[in-house]
file work04.txt (compact mmCIF, N, CA and C atoms and all ligand atoms)
# COMPACT_ATOMS: atom_id res chain seq x y z
N MET A 1 86.89 178.56 91.62
CA MET A 1 87.77 178.27 92.74
C MET A 1 89.06 179.08 92.60
N SER A 2 89.22 180.11 93.45
CA SER A 2 90.41 180.94 93.34
C SER A 2 91.59 180.24 94.01
N GLN A 3 92.72 180.27 93.35
CA GLN A 3 93.92 179.60 93.84
C GLN A 3 95.11 180.53 93.65
N ARG A 4 96.29 180.09 94.17
CA ARG A 4 97.53 180.78 93.80
C ARG A 4 98.55 179.73 93.39
N THR A 5 99.40 180.13 92.46
CA THR A 5 100.43 179.21 91.98
C THR A 5 101.76 179.94 91.89
N LEU A 6 102.83 179.16 91.99
CA LEU A 6 104.18 179.72 91.95
C LEU A 6 104.75 179.45 90.57
N VAL A 7 105.14 180.52 89.89
CA VAL A 7 105.66 180.42 88.52
C VAL A 7 107.10 180.91 88.51
N ILE A 8 107.96 180.19 87.78
CA ILE A 8 109.33 180.66 87.58
C ILE A 8 109.57 180.78 86.08
N LEU A 9 110.00 181.96 85.65
CA LEU A 9 110.49 182.12 84.28
C LEU A 9 111.96 181.76 84.33
N LYS A 10 112.31 180.65 83.70
CA LYS A 10 113.65 180.06 83.83
C LYS A 10 114.70 180.93 83.13
N PRO A 11 116.01 180.64 83.37
CA PRO A 11 117.06 181.50 82.80
C PRO A 11 116.98 181.65 81.28
N ASP A 12 116.50 180.63 80.58
CA ASP A 12 116.40 180.75 79.11
C ASP A 12 115.37 181.81 78.73
N ALA A 13 114.27 181.87 79.47
CA ALA A 13 113.22 182.87 79.18
C ALA A 13 113.74 184.28 79.40
N VAL A 14 114.54 184.47 80.47
CA VAL A 14 115.09 185.80 80.76
C VAL A 14 116.13 186.16 79.69
N ARG A 15 117.04 185.21 79.39
CA ARG A 15 118.10 185.47 78.38
C ARG A 15 117.50 185.81 77.02
N ARG A 16 116.40 185.15 76.69
CA ARG A 16 115.80 185.36 75.36
C ARG A 16 114.79 186.51 75.34
N LYS A 17 114.73 187.25 76.43
CA LYS A 17 113.86 188.44 76.52
C LYS A 17 112.40 188.09 76.27
N LEU A 18 111.97 186.98 76.89
CA LEU A 18 110.58 186.53 76.76
C LEU A 18 109.76 186.84 78.01
N ILE A 19 110.33 187.61 78.95
CA ILE A 19 109.60 187.90 80.20
C ILE A 19 108.26 188.56 79.88
N GLY A 20 108.29 189.62 79.09
CA GLY A 20 107.06 190.36 78.79
C GLY A 20 106.05 189.52 78.04
N GLU A 21 106.55 188.76 77.07
CA GLU A 21 105.67 187.88 76.28
C GLU A 21 104.94 186.88 77.18
N ILE A 22 105.69 186.25 78.08
CA ILE A 22 105.09 185.19 78.91
C ILE A 22 104.16 185.81 79.96
N ILE A 23 104.60 186.88 80.61
CA ILE A 23 103.71 187.50 81.61
C ILE A 23 102.48 188.08 80.92
N GLY A 24 102.63 188.58 79.70
CA GLY A 24 101.48 189.07 78.94
C GLY A 24 100.43 187.99 78.73
N ARG A 25 100.88 186.79 78.40
CA ARG A 25 99.93 185.68 78.20
C ARG A 25 99.20 185.36 79.50
N ILE A 26 99.95 185.39 80.62
CA ILE A 26 99.32 185.10 81.92
C ILE A 26 98.30 186.19 82.24
N GLU A 27 98.69 187.45 82.03
CA GLU A 27 97.79 188.55 82.41
C GLU A 27 96.54 188.63 81.54
N ARG A 28 96.61 188.11 80.31
CA ARG A 28 95.44 188.19 79.44
C ARG A 28 94.34 187.21 79.83
N LYS A 29 94.66 186.21 80.66
CA LYS A 29 93.61 185.28 81.10
C LYS A 29 92.67 186.01 82.06
N ALA A 30 91.38 185.91 81.78
CA ALA A 30 90.38 186.60 82.62
C ALA A 30 90.56 186.19 84.08
N ASP A 31 90.54 187.17 84.95
CA ASP A 31 90.55 186.95 86.40
C ASP A 31 91.93 186.66 87.00
N TRP A 32 92.92 186.28 86.19
CA TRP A 32 94.23 185.99 86.77
C TRP A 32 95.00 187.29 86.99
N ARG A 33 95.78 187.31 88.07
CA ARG A 33 96.61 188.49 88.33
C ARG A 33 97.93 188.11 88.99
N VAL A 34 98.95 188.87 88.66
CA VAL A 34 100.26 188.69 89.27
C VAL A 34 100.23 189.39 90.62
N SER A 35 100.56 188.66 91.70
CA SER A 35 100.47 189.27 93.04
C SER A 35 101.83 189.41 93.71
N ALA A 36 102.87 188.85 93.10
CA ALA A 36 104.26 189.08 93.56
C ALA A 36 105.16 188.77 92.38
N LEU A 37 106.30 189.47 92.33
CA LEU A 37 107.19 189.28 91.17
C LEU A 37 108.59 189.75 91.53
N GLU A 38 109.60 188.91 91.23
CA GLU A 38 110.98 189.35 91.50
C GLU A 38 111.96 188.68 90.55
N LEU A 39 112.90 189.46 90.03
CA LEU A 39 114.05 188.92 89.29
C LEU A 39 115.12 188.57 90.30
N ARG A 40 115.57 187.32 90.30
CA ARG A 40 116.60 186.95 91.28
C ARG A 40 117.41 185.75 90.79
N GLU A 41 118.57 185.55 91.41
CA GLU A 41 119.36 184.34 91.12
C GLU A 41 119.05 183.32 92.19
N LEU A 42 118.92 182.07 91.81
CA LEU A 42 118.54 181.03 92.77
C LEU A 42 119.79 180.34 93.29
N SER A 43 119.88 180.20 94.61
CA SER A 43 121.04 179.54 95.22
C SER A 43 120.93 178.02 95.06
N ARG A 44 122.06 177.37 95.19
CA ARG A 44 122.09 175.91 95.16
C ARG A 44 121.14 175.33 96.24
N GLU A 45 121.12 175.96 97.41
CA GLU A 45 120.29 175.47 98.52
C GLU A 45 118.80 175.50 98.15
N VAL A 46 118.37 176.61 97.58
CA VAL A 46 116.96 176.73 97.18
C VAL A 46 116.65 175.73 96.07
N LEU A 47 117.57 175.61 95.11
CA LEU A 47 117.33 174.68 93.99
C LEU A 47 117.28 173.23 94.48
N GLU A 48 118.14 172.89 95.45
CA GLU A 48 118.11 171.51 95.98
C GLU A 48 116.76 171.21 96.61
N GLN A 49 116.21 172.18 97.32
CA GLN A 49 114.89 171.95 97.94
C GLN A 49 113.79 171.89 96.88
N HIS A 50 113.87 172.82 95.94
CA HIS A 50 112.82 172.89 94.91
C HIS A 50 112.77 171.61 94.07
N TYR A 51 113.95 171.08 93.72
CA TYR A 51 114.00 169.91 92.83
C TYR A 51 114.34 168.62 93.59
N ALA A 52 114.05 168.56 94.89
CA ALA A 52 114.39 167.38 95.71
C ALA A 52 113.88 166.08 95.09
N GLU A 53 112.69 166.13 94.49
CA GLU A 53 112.11 164.88 93.95
C GLU A 53 112.92 164.34 92.77
N HIS A 54 113.75 165.19 92.16
CA HIS A 54 114.52 164.75 91.00
C HIS A 54 115.96 164.37 91.34
N ALA A 55 116.35 164.49 92.61
CA ALA A 55 117.74 164.18 93.01
C ALA A 55 118.09 162.76 92.57
N GLY A 56 119.26 162.61 91.97
CA GLY A 56 119.72 161.29 91.55
C GLY A 56 119.32 160.92 90.12
N LYS A 57 118.38 161.66 89.54
CA LYS A 57 118.00 161.36 88.15
C LYS A 57 119.09 161.86 87.21
N PRO A 58 119.20 161.25 86.02
CA PRO A 58 120.29 161.63 85.11
C PRO A 58 120.26 163.11 84.73
N PHE A 59 119.08 163.72 84.68
CA PHE A 59 119.02 165.12 84.25
C PHE A 59 119.19 166.11 85.41
N TYR A 60 119.38 165.59 86.65
CA TYR A 60 119.37 166.46 87.82
C TYR A 60 120.50 167.49 87.81
N GLU A 61 121.75 167.05 87.66
CA GLU A 61 122.89 168.00 87.73
C GLU A 61 122.84 169.03 86.60
N PRO A 62 122.62 168.60 85.34
CA PRO A 62 122.48 169.61 84.27
C PRO A 62 121.33 170.57 84.53
N LEU A 63 120.26 170.08 85.13
CA LEU A 63 119.12 170.95 85.45
C LEU A 63 119.53 171.99 86.50
N MET A 64 120.26 171.54 87.53
CA MET A 64 120.69 172.47 88.58
C MET A 64 121.63 173.54 88.00
N GLU A 65 122.53 173.10 87.13
CA GLU A 65 123.46 174.05 86.50
C GLU A 65 122.71 175.07 85.65
N PHE A 66 121.77 174.56 84.88
CA PHE A 66 120.97 175.45 84.03
C PHE A 66 120.19 176.46 84.86
N MET A 67 119.56 176.00 85.93
CA MET A 67 118.72 176.89 86.73
C MET A 67 119.55 177.93 87.49
N ALA A 68 120.86 177.65 87.64
CA ALA A 68 121.75 178.61 88.31
C ALA A 68 122.55 179.42 87.29
N SER A 69 122.24 179.28 86.00
CA SER A 69 123.07 179.89 84.95
C SER A 69 122.76 181.36 84.70
N GLY A 70 121.77 181.90 85.38
CA GLY A 70 121.42 183.31 85.22
C GLY A 70 120.18 183.61 86.02
N PRO A 71 119.78 184.89 86.02
CA PRO A 71 118.60 185.24 86.81
C PRO A 71 117.32 184.60 86.28
N VAL A 72 116.39 184.40 87.20
CA VAL A 72 115.04 183.92 86.86
C VAL A 72 114.06 184.98 87.35
N VAL A 73 112.82 184.86 86.91
CA VAL A 73 111.75 185.71 87.46
C VAL A 73 110.81 184.79 88.23
N VAL A 74 110.63 185.08 89.51
CA VAL A 74 109.72 184.30 90.35
C VAL A 74 108.44 185.10 90.51
N LEU A 75 107.31 184.45 90.26
CA LEU A 75 106.01 185.13 90.25
C LEU A 75 105.00 184.38 91.09
N ALA A 76 104.15 185.11 91.77
CA ALA A 76 102.93 184.51 92.32
C ALA A 76 101.79 184.94 91.41
N VAL A 77 100.96 183.97 91.00
CA VAL A 77 99.81 184.28 90.16
C VAL A 77 98.57 183.75 90.87
N GLU A 78 97.55 184.59 90.95
CA GLU A 78 96.32 184.22 91.64
C GLU A 78 95.15 184.26 90.67
N GLY A 79 94.15 183.42 90.93
CA GLY A 79 92.93 183.50 90.13
C GLY A 79 92.24 182.17 89.97
N GLU A 80 91.19 182.18 89.18
CA GLU A 80 90.32 181.03 88.97
C GLU A 80 91.10 179.85 88.37
N ARG A 81 91.13 178.74 89.10
CA ARG A 81 91.75 177.48 88.65
C ARG A 81 93.14 177.69 88.04
N VAL A 82 93.91 178.56 88.68
CA VAL A 82 95.17 179.00 88.07
C VAL A 82 96.25 177.90 88.10
N ILE A 83 96.15 176.93 89.01
CA ILE A 83 97.17 175.88 89.05
C ILE A 83 97.10 175.03 87.79
N GLU A 84 95.92 174.48 87.51
CA GLU A 84 95.74 173.68 86.29
C GLU A 84 95.92 174.56 85.05
N GLY A 85 95.39 175.78 85.12
CA GLY A 85 95.40 176.66 83.96
C GLY A 85 96.81 177.07 83.54
N LEU A 86 97.66 177.33 84.50
CA LEU A 86 99.03 177.73 84.17
C LEU A 86 99.78 176.57 83.52
N ARG A 87 99.49 175.34 83.97
CA ARG A 87 100.16 174.17 83.38
C ARG A 87 99.68 173.96 81.95
N THR A 88 98.40 174.27 81.70
CA THR A 88 97.89 174.20 80.33
C THR A 88 98.56 175.27 79.46
N LEU A 89 98.65 176.47 80.01
CA LEU A 89 99.27 177.58 79.27
C LEU A 89 100.74 177.26 78.96
N ALA A 90 101.45 176.61 79.89
CA ALA A 90 102.86 176.27 79.69
C ALA A 90 103.02 175.16 78.66
N GLY A 91 102.12 174.17 78.72
CA GLY A 91 102.27 172.98 77.86
C GLY A 91 103.09 171.91 78.55
N PRO A 92 103.14 170.69 77.98
CA PRO A 92 103.88 169.61 78.61
C PRO A 92 105.39 169.87 78.69
N THR A 93 106.07 169.10 79.57
CA THR A 93 107.50 169.31 79.85
C THR A 93 108.35 169.38 78.58
N ASP A 94 108.10 168.46 77.64
CA ASP A 94 108.90 168.40 76.41
C ASP A 94 108.34 169.39 75.39
N PRO A 95 109.07 170.47 75.10
CA PRO A 95 108.53 171.51 74.21
C PRO A 95 108.18 171.02 72.81
N ILE A 96 108.84 169.95 72.37
CA ILE A 96 108.52 169.43 71.03
C ILE A 96 107.15 168.73 71.03
N ALA A 97 106.77 168.19 72.19
CA ALA A 97 105.44 167.56 72.31
C ALA A 97 104.36 168.57 72.65
N ALA A 98 104.77 169.79 72.99
CA ALA A 98 103.80 170.82 73.42
C ALA A 98 103.13 171.45 72.19
N ALA A 99 101.83 171.65 72.31
CA ALA A 99 101.07 172.19 71.17
C ALA A 99 101.44 173.65 70.92
N PRO A 100 101.50 174.04 69.63
CA PRO A 100 101.62 175.47 69.32
C PRO A 100 100.49 176.22 70.03
N GLY A 101 100.79 177.41 70.49
CA GLY A 101 99.79 178.15 71.29
C GLY A 101 100.15 178.11 72.75
N SER A 102 100.83 177.04 73.19
CA SER A 102 101.32 177.01 74.57
C SER A 102 102.69 177.70 74.61
N ILE A 103 103.12 178.10 75.80
CA ILE A 103 104.41 178.80 75.92
C ILE A 103 105.56 177.90 75.45
N ARG A 104 105.58 176.67 75.95
CA ARG A 104 106.66 175.76 75.55
C ARG A 104 106.53 175.38 74.08
N GLY A 105 105.30 175.19 73.61
CA GLY A 105 105.07 174.82 72.21
C GLY A 105 105.47 175.93 71.25
N ASP A 106 105.33 177.16 71.67
CA ASP A 106 105.68 178.28 70.78
C ASP A 106 107.16 178.64 70.82
N PHE A 107 107.82 178.42 71.98
CA PHE A 107 109.17 178.98 72.11
C PHE A 107 110.27 177.96 72.40
N GLY A 108 109.94 176.72 72.74
CA GLY A 108 110.96 175.78 73.21
C GLY A 108 111.29 174.67 72.23
N THR A 109 112.50 174.10 72.40
CA THR A 109 112.86 172.88 71.66
C THR A 109 113.53 171.85 72.58
N ILE A 110 114.15 172.31 73.67
CA ILE A 110 114.97 171.43 74.51
C ILE A 110 114.22 171.15 75.82
N VAL A 111 114.19 169.88 76.24
CA VAL A 111 113.40 169.51 77.42
C VAL A 111 113.84 170.31 78.64
N ARG A 112 115.16 170.41 78.86
CA ARG A 112 115.64 171.11 80.05
C ARG A 112 115.28 172.60 79.99
N GLU A 113 115.46 173.19 78.81
CA GLU A 113 115.27 174.64 78.68
C GLU A 113 113.84 174.93 78.23
N ASN A 114 112.92 174.61 79.13
CA ASN A 114 111.50 174.68 78.75
C ASN A 114 110.79 175.91 79.32
N LEU A 115 111.57 176.94 79.58
CA LEU A 115 111.09 178.31 79.79
C LEU A 115 110.37 178.63 81.09
N VAL A 116 109.48 177.74 81.53
CA VAL A 116 108.67 178.08 82.71
C VAL A 116 108.52 176.89 83.65
N HIS A 117 108.39 177.22 84.92
CA HIS A 117 107.94 176.26 85.93
C HIS A 117 106.60 176.75 86.47
N ALA A 118 105.68 175.84 86.73
CA ALA A 118 104.44 176.20 87.41
C ALA A 118 104.08 175.08 88.37
N SER A 119 103.64 175.42 89.58
CA SER A 119 103.29 174.41 90.59
C SER A 119 102.32 173.39 90.00
N ASP A 120 102.51 172.10 90.39
CA ASP A 120 101.66 171.06 89.80
C ASP A 120 100.46 170.66 90.65
N SER A 121 100.33 171.23 91.86
CA SER A 121 99.19 170.90 92.72
C SER A 121 99.10 171.96 93.82
N GLU A 122 98.00 171.95 94.57
CA GLU A 122 97.87 172.91 95.69
C GLU A 122 98.96 172.68 96.73
N GLU A 123 99.29 171.39 96.97
CA GLU A 123 100.31 171.06 97.98
C GLU A 123 101.67 171.60 97.52
N SER A 124 102.00 171.37 96.24
CA SER A 124 103.28 171.88 95.71
C SER A 124 103.30 173.39 95.78
N ALA A 125 102.19 174.04 95.45
CA ALA A 125 102.15 175.51 95.45
C ALA A 125 102.46 176.01 96.86
N GLU A 126 101.85 175.44 97.88
CA GLU A 126 102.08 175.92 99.25
C GLU A 126 103.53 175.68 99.67
N ARG A 127 104.09 174.50 99.32
CA ARG A 127 105.49 174.21 99.63
C ARG A 127 106.39 175.22 98.92
N GLU A 128 106.10 175.51 97.66
CA GLU A 128 106.95 176.42 96.88
C GLU A 128 106.83 177.86 97.37
N PHE A 129 105.64 178.27 97.83
CA PHE A 129 105.52 179.63 98.40
C PHE A 129 106.39 179.77 99.63
N LYS A 130 106.44 178.74 100.45
CA LYS A 130 107.29 178.79 101.66
C LYS A 130 108.75 178.97 101.27
N LEU A 131 109.14 178.34 100.16
CA LEU A 131 110.53 178.38 99.72
C LEU A 131 110.88 179.71 99.04
N PHE A 132 109.98 180.19 98.18
CA PHE A 132 110.32 181.35 97.33
C PHE A 132 109.79 182.68 97.87
N PHE A 133 108.66 182.65 98.57
CA PHE A 133 108.10 183.88 99.15
C PHE A 133 107.71 183.62 100.60
N PRO A 134 108.69 183.34 101.47
CA PRO A 134 108.37 182.94 102.84
C PRO A 134 107.48 183.96 103.58
N ALA A 135 107.62 185.23 103.25
CA ALA A 135 106.81 186.24 103.96
C ALA A 135 105.33 186.08 103.65
N SER A 136 104.99 185.54 102.48
CA SER A 136 103.57 185.40 102.10
C SER A 136 103.03 184.02 102.39
N ALA A 137 103.88 183.09 102.88
CA ALA A 137 103.45 181.69 103.00
C ALA A 137 102.59 181.46 104.24
P1 LIG B 201 109.77 171.17 85.17
O1 LIG B 201 108.72 170.15 84.86
O2 LIG B 201 109.43 172.58 85.39
O3 LIG B 201 110.63 170.63 86.41
C1 LIG B 201 111.57 169.59 86.26
C2 LIG B 201 112.48 169.99 85.16
O4 LIG B 201 113.49 169.07 84.87
C3 LIG B 201 111.69 170.08 83.86
O5 LIG B 201 110.82 171.18 83.93
C4 LIG B 201 112.82 170.19 82.88
O6 LIG B 201 113.39 171.49 82.89
C5 LIG B 201 113.80 169.20 83.49
N1 LIG B 201 113.64 167.88 82.92
C6 LIG B 201 112.65 166.99 83.14
N2 LIG B 201 112.86 165.85 82.45
C7 LIG B 201 114.02 166.04 81.77
C8 LIG B 201 114.78 165.24 80.88
N3 LIG B 201 114.38 164.01 80.54
N4 LIG B 201 115.91 165.76 80.38
C9 LIG B 201 116.33 166.99 80.73
N5 LIG B 201 115.65 167.81 81.58
C10 LIG B 201 114.52 167.33 82.09
call {"tool": "encode", "arguments": {"input": "work04.txt", "output": "structure tokens"}}
result
Amino acid sequence: MSQRTLVILKPDAVRRKLIGEIIGRIERKADWRVSALELRELSREVLEQHYAEHAGKPFYEPLMEFMASGPVVVLAVEGERVIEGLRTLAGPTDPIAAAPGSIRGDFGTIVRENLVHASDSEESAEREFKLFFPASA
């Protein structure tokens, strides 16, 4: 089942020069391919829409500040079962609970600074494409 997912390499990944490492892991998966890619800074407006479900939670404001603290890389990735697969490759939200071998398990320690975002469902992916790559949505 070919799908597309929206991936964000968060500001910590860019600052730590892990862009190549992370995209390399994605590209090595059979059949997956990067179909759009851009380094950009995310506006407060885009972040408010992207993280609407977290508004009001204790970690919301620090998360917004972190996500606006530097450029991110926004990627579209296409391929076989890529939505579930990218979440497996990333590992769980808390990098300390993430298994070694996953991106978060190999490189992260702090829950907020967990290196990558990946859409969690087909519905989220379509909503996120409209927000981040409106021309392709
Ligand atoms: P992600 O799952 O990509 O999207 C929501 C983000 O909020 C999550 O990654 C973390 O970056 C952050 N987050 C979630 N839970 C917490 C928490 N308990 N403390 C700090 N940040 C969090």
call {"tool": "residues_near_ligand", "arguments": {"input": "work04.txt", "ligand": "ligand LIG 201 (chain B)", "cutoff": "6 Å", "atoms": "all atoms listed in the file", "output": "ChimeraX atom specification"}}
result
/A:59,63,93,111-114,116-118
call {"tool": "atom_distance", "arguments": {"input": "work04.txt", "atom1": "atom C of A:Lys57", "atom2": "atom C of A:Gly101"}}
result
28.8 Å
call {"tool": "select_by_dssp", "arguments": {"input": "work04.txt", "residues": "chain A", "states": "alpha helix (DSSP H)", "output": "compact mmCIF listing (two decimals) with N, CA and C atoms, in the frame of the given file"}}
result
# COMPACT_ATOMS: atom_id res chain seq x y z
N PRO A 11 116.01 180.64 83.37
CA PRO A 11 117.06 181.50 82.80
C PRO A 11 116.98 181.65 81.28
N ASP A 12 116.50 180.63 80.58
CA ASP A 12 116.40 180.75 79.11
C ASP A 12 115.37 181.81 78.73
N ALA A 13 114.27 181.87 79.47
CA ALA A 13 113.22 182.87 79.18
C ALA A 13 113.74 184.28 79.40
N VAL A 14 114.54 184.47 80.47
CA VAL A 14 115.09 185.80 80.76
C VAL A 14 116.13 186.16 79.69
N ARG A 15 117.04 185.21 79.39
CA ARG A 15 118.10 185.47 78.38
C ARG A 15 117.50 185.81 77.02
N ILE A 19 110.33 187.61 78.95
CA ILE A 19 109.60 187.90 80.20
C ILE A 19 108.26 188.56 79.88
N GLY A 20 108.29 189.62 79.09
CA GLY A 20 107.06 190.36 78.79
C GLY A 20 106.05 189.52 78.04
N GLU A 21 106.55 188.76 77.07
CA GLU A 21 105.67 187.88 76.28
C GLU A 21 104.94 186.88 77.18
N ILE A 22 105.69 186.25 78.08
CA ILE A 22 105.09 185.19 78.91
C ILE A 22 104.16 185.81 79.96
N ILE A 23 104.60 186.88 80.61
CA ILE A 23 103.71 187.50 81.61
C ILE A 23 102.48 188.08 80.92
N GLY A 24 102.63 188.58 79.70
CA GLY A 24 101.48 189.07 78.94
C GLY A 24 100.43 187.99 78.73
N ARG A 25 100.88 186.79 78.40
CA ARG A 25 99.93 185.68 78.20
C ARG A 25 99.20 185.36 79.50
N ILE A 26 99.95 185.39 80.62
CA ILE A 26 99.32 185.10 81.92
C ILE A 26 98.30 186.19 82.24
N GLU A 27 98.69 187.45 82.03
CA GLU A 27 97.79 188.55 82.41
C GLU A 27 96.54 188.63 81.54
N ARG A 28 96.61 188.11 80.31
CA ARG A 28 95.44 188.19 79.44
C ARG A 28 94.34 187.21 79.83
N ARG A 44 122.06 177.37 95.19
CA ARG A 44 122.09 175.91 95.16
C ARG A 44 121.14 175.33 96.24
N GLU A 45 121.12 175.96 97.41
CA GLU A 45 120.29 175.47 98.52
C GLU A 45 118.80 175.50 98.15
N VAL A 46 118.37 176.61 97.58
CA VAL A 46 116.96 176.73 97.18
C VAL A 46 116.65 175.73 96.07
N LEU A 47 117.57 175.61 95.11
CA LEU A 47 117.33 174.68 93.99
C LEU A 47 117.28 173.23 94.48
N GLU A 48 118.14 172.89 95.45
CA GLU A 48 118.11 171.51 95.98
C GLU A 48 116.76 171.21 96.61
N GLN A 49 116.21 172.18 97.32
CA GLN A 49 114.89 171.95 97.94
C GLN A 49 113.79 171.89 96.88
N HIS A 50 113.87 172.82 95.94
CA HIS A 50 112.82 172.89 94.91
C HIS A 50 112.77 171.61 94.07
N TYR A 60 119.38 165.59 86.65
CA TYR A 60 119.37 166.46 87.82
C TYR A 60 120.50 167.49 87.81
N GLU A 61 121.75 167.05 87.66
CA GLU A 61 122.89 168.00 87.73
C GLU A 61 122.84 169.03 86.60
N PRO A 62 122.62 168.60 85.34
CA PRO A 62 122.48 169.61 84.27
C PRO A 62 121.33 170.57 84.53
N LEU A 63 120.26 170.08 85.13
CA LEU A 63 119.12 170.95 85.45
C LEU A 63 119.53 171.99 86.50
N MET A 64 120.26 171.54 87.53
CA MET A 64 120.69 172.47 88.58
C MET A 64 121.63 173.54 88.00
N GLU A 65 122.53 173.10 87.13
CA GLU A 65 123.46 174.05 86.50
C GLU A 65 122.71 175.07 85.65
N PHE A 66 121.77 174.56 84.88
CA PHE A 66 120.97 175.45 84.03
C PHE A 66 120.19 176.46 84.86
N MET A 67 119.56 176.00 85.93
CA MET A 67 118.72 176.89 86.73
C MET A 67 119.55 177.93 87.49
N VAL A 82 93.91 178.56 88.68
CA VAL A 82 95.17 179.00 88.07
C VAL A 82 96.25 177.90 88.10
N ILE A 83 96.15 176.93 89.01
CA ILE A 83 97.17 175.88 89.05
C ILE A 83 97.10 175.03 87.79
N GLU A 84 95.92 174.48 87.51
CA GLU A 84 95.74 173.68 86.29
C GLU A 84 95.92 174.56 85.05
N GLY A 85 95.39 175.78 85.12
CA GLY A 85 95.40 176.66 83.96
C GLY A 85 96.81 177.07 83.54
N LEU A 86 97.66 177.33 84.50
CA LEU A 86 99.03 177.73 84.17
C LEU A 86 99.78 176.57 83.52
N ARG A 87 99.49 175.34 83.97
CA ARG A 87 100.16 174.17 83.38
C ARG A 87 99.68 173.96 81.95
N THR A 88 98.40 174.27 81.70
CA THR A 88 97.89 174.20 80.33
C THR A 88 98.56 175.27 79.46
N LEU A 89 98.65 176.47 80.01
CA LEU A 89 99.27 177.58 79.27
C LEU A 89 100.74 177.26 78.96
N ALA A 90 101.45 176.61 79.89
CA ALA A 90 102.86 176.27 79.69
C ALA A 90 103.02 175.16 78.66
N ILE A 103 103.12 178.10 75.80
CA ILE A 103 104.41 178.80 75.92
C ILE A 103 105.56 177.90 75.45
N ARG A 104 105.58 176.67 75.95
CA ARG A 104 106.66 175.76 75.55
C ARG A 104 106.53 175.38 74.08
N GLY A 105 105.30 175.19 73.61
CA GLY A 105 105.07 174.82 72.21
C GLY A 105 105.47 175.93 71.25
N ASP A 106 105.33 177.16 71.67
CA ASP A 106 105.68 178.28 70.78
C ASP A 106 107.16 178.64 70.82
N PHE A 107 107.82 178.42 71.98
CA PHE A 107 109.17 178.98 72.11
C PHE A 107 110.27 177.96 72.40
N GLU A 122 98.00 171.95 94.57
CA GLU A 122 97.87 172.91 95.69
C GLU A 122 98.96 172.68 96.73
N GLU A 123 99.29 171.39 96.97
CA GLU A 123 100.31 171.06 97.98
C GLU A 123 101.67 171.60 97.52
N SER A 124 102.00 171.37 96.24
CA SER A 124 103.28 171.88 95.71
C SER A 124 103.30 173.39 95.78
N ALA A 125 102.19 174.04 95.45
CA ALA A 125 102.15 175.51 95.45
C ALA A 125 102.46 176.01 96.86
N GLU A 126 101.85 175.44 97.88
CA GLU A 126 102.08 175.92 99.25
C GLU A 126 103.53 175.68 99.67
N ARG A 127 104.09 174.50 99.32
CA ARG A 127 105.49 174.21 99.63
C ARG A 127 106.39 175.22 98.92
N GLU A 128 106.10 175.51 97.66
CA GLU A 128 106.95 176.42 96.88
C GLU A 128 106.83 177.86 97.37
N PHE A 129 105.64 178.27 97.83
CA PHE A 129 105.52 179.63 98.40
C PHE A 129 106.39 179.77 99.63
N LYS A 130 106.44 178.74 100.45
CA LYS A 130 107.29 178.79 101.66
C LYS A 130 108.75 178.97 101.27
N LEU A 131 109.14 178.34 100.16
CA LEU A 131 110.53 178.38 99.72
C LEU A 131 110.88 179.71 99.04
N PHE A 132 109.98 180.19 98.18
CA PHE A 132 110.32 181.35 97.33
C PHE A 132 109.79 182.68 97.87
call {"tool": "select_by_dssp", "arguments": {"input": "work04.txt", "residues": "stretch 38-130 of chain A", "states": "strand (DSSP E or B)", "output": "ChimeraX atom specification"}}
result
/A:38-40,72-80,100,102,116-118
call {"tool": "residues_around", "arguments": {"input": "work04.txt", "residues": "stretch 106-109 of chain A", "least_positions_apart": "4", "cutoff": "12 Å", "atoms": "only C-alpha atoms", "output": "NGL selection string"}}
result
:A and (10 or 12-13 or 16-18 or 21-22 or 25 or 89-102 or 113-116)
call {"tool": "closest_residue", "arguments": {"input": "work04.txt", "among": "A:Leu42, A:Leu6, A:Val77, A:Ala137", "to": "A:Ser121", "atoms": "only C-alpha atoms"}}
result
A:Leu6
call {"tool": "closest_residue", "arguments": {"input": "work04.txt", "among": "A:Gly70, A:Val46, A:Glu84, A:Gly20", "to": "A:Glu122", "atoms": "all atoms listed in the file"}}
result
A:Glu84
call {"tool": "atom_distance", "arguments": {"input": "work04.txt", "atom1": "atom CA of A:Leu86", "atom2": "atom CA of A:Arg40"}}
result
21.1 Å
call {"tool": "atom_distance", "arguments": {"input": "work04.txt", "atom1": "atom N of A:Ala30", "atom2": "atom C of A:Met1"}}
result
13.0 Å
call {"tool": "residues_around", "arguments": {"input": "work04.txt", "residues": "A:Arg15", "least_positions_apart": "6", "cutoff": "10 Å", "atoms": "only C-alpha atoms", "output": "PyMOL selection string"}}
result
chain A and resi 69-72
call {"tool": "closest_atom_pairs", "arguments": {"input": "work04.txt", "of": "stretch 49-115 of chain A", "to": "stretch 128-135 of chain A", "cutoff": "8 Å", "atoms": "all atoms listed in the file", "output": "CSV"}}
result
residue,atom,partner,partner_atom,distance
A:Gln49,C,A:Leu131,CA,7.8
A:His50,CA,A:Glu128,CA,7.1
A:Val74,CA,A:Phe132,CA,7.6
call {"tool": "residues_around", "arguments": {"input": "work04.txt", "residues": "A:Thr5", "least_positions_apart": "4", "cutoff": "6.5 Å", "atoms": "all atoms listed in the file", "output": "JSON, numbers by chain"}}
result
{"A": [75, 76, 77, 78, 79, 82, 83, 118, 119, 125]}
call {"tool": "closest_residue", "arguments": {"input": "work04.txt", "among": "A:Ile26, A:Ile110, A:Val73, A:Ile103", "to": "A:Val14", "atoms": "all atoms listed in the file"}}
result
A:Val73
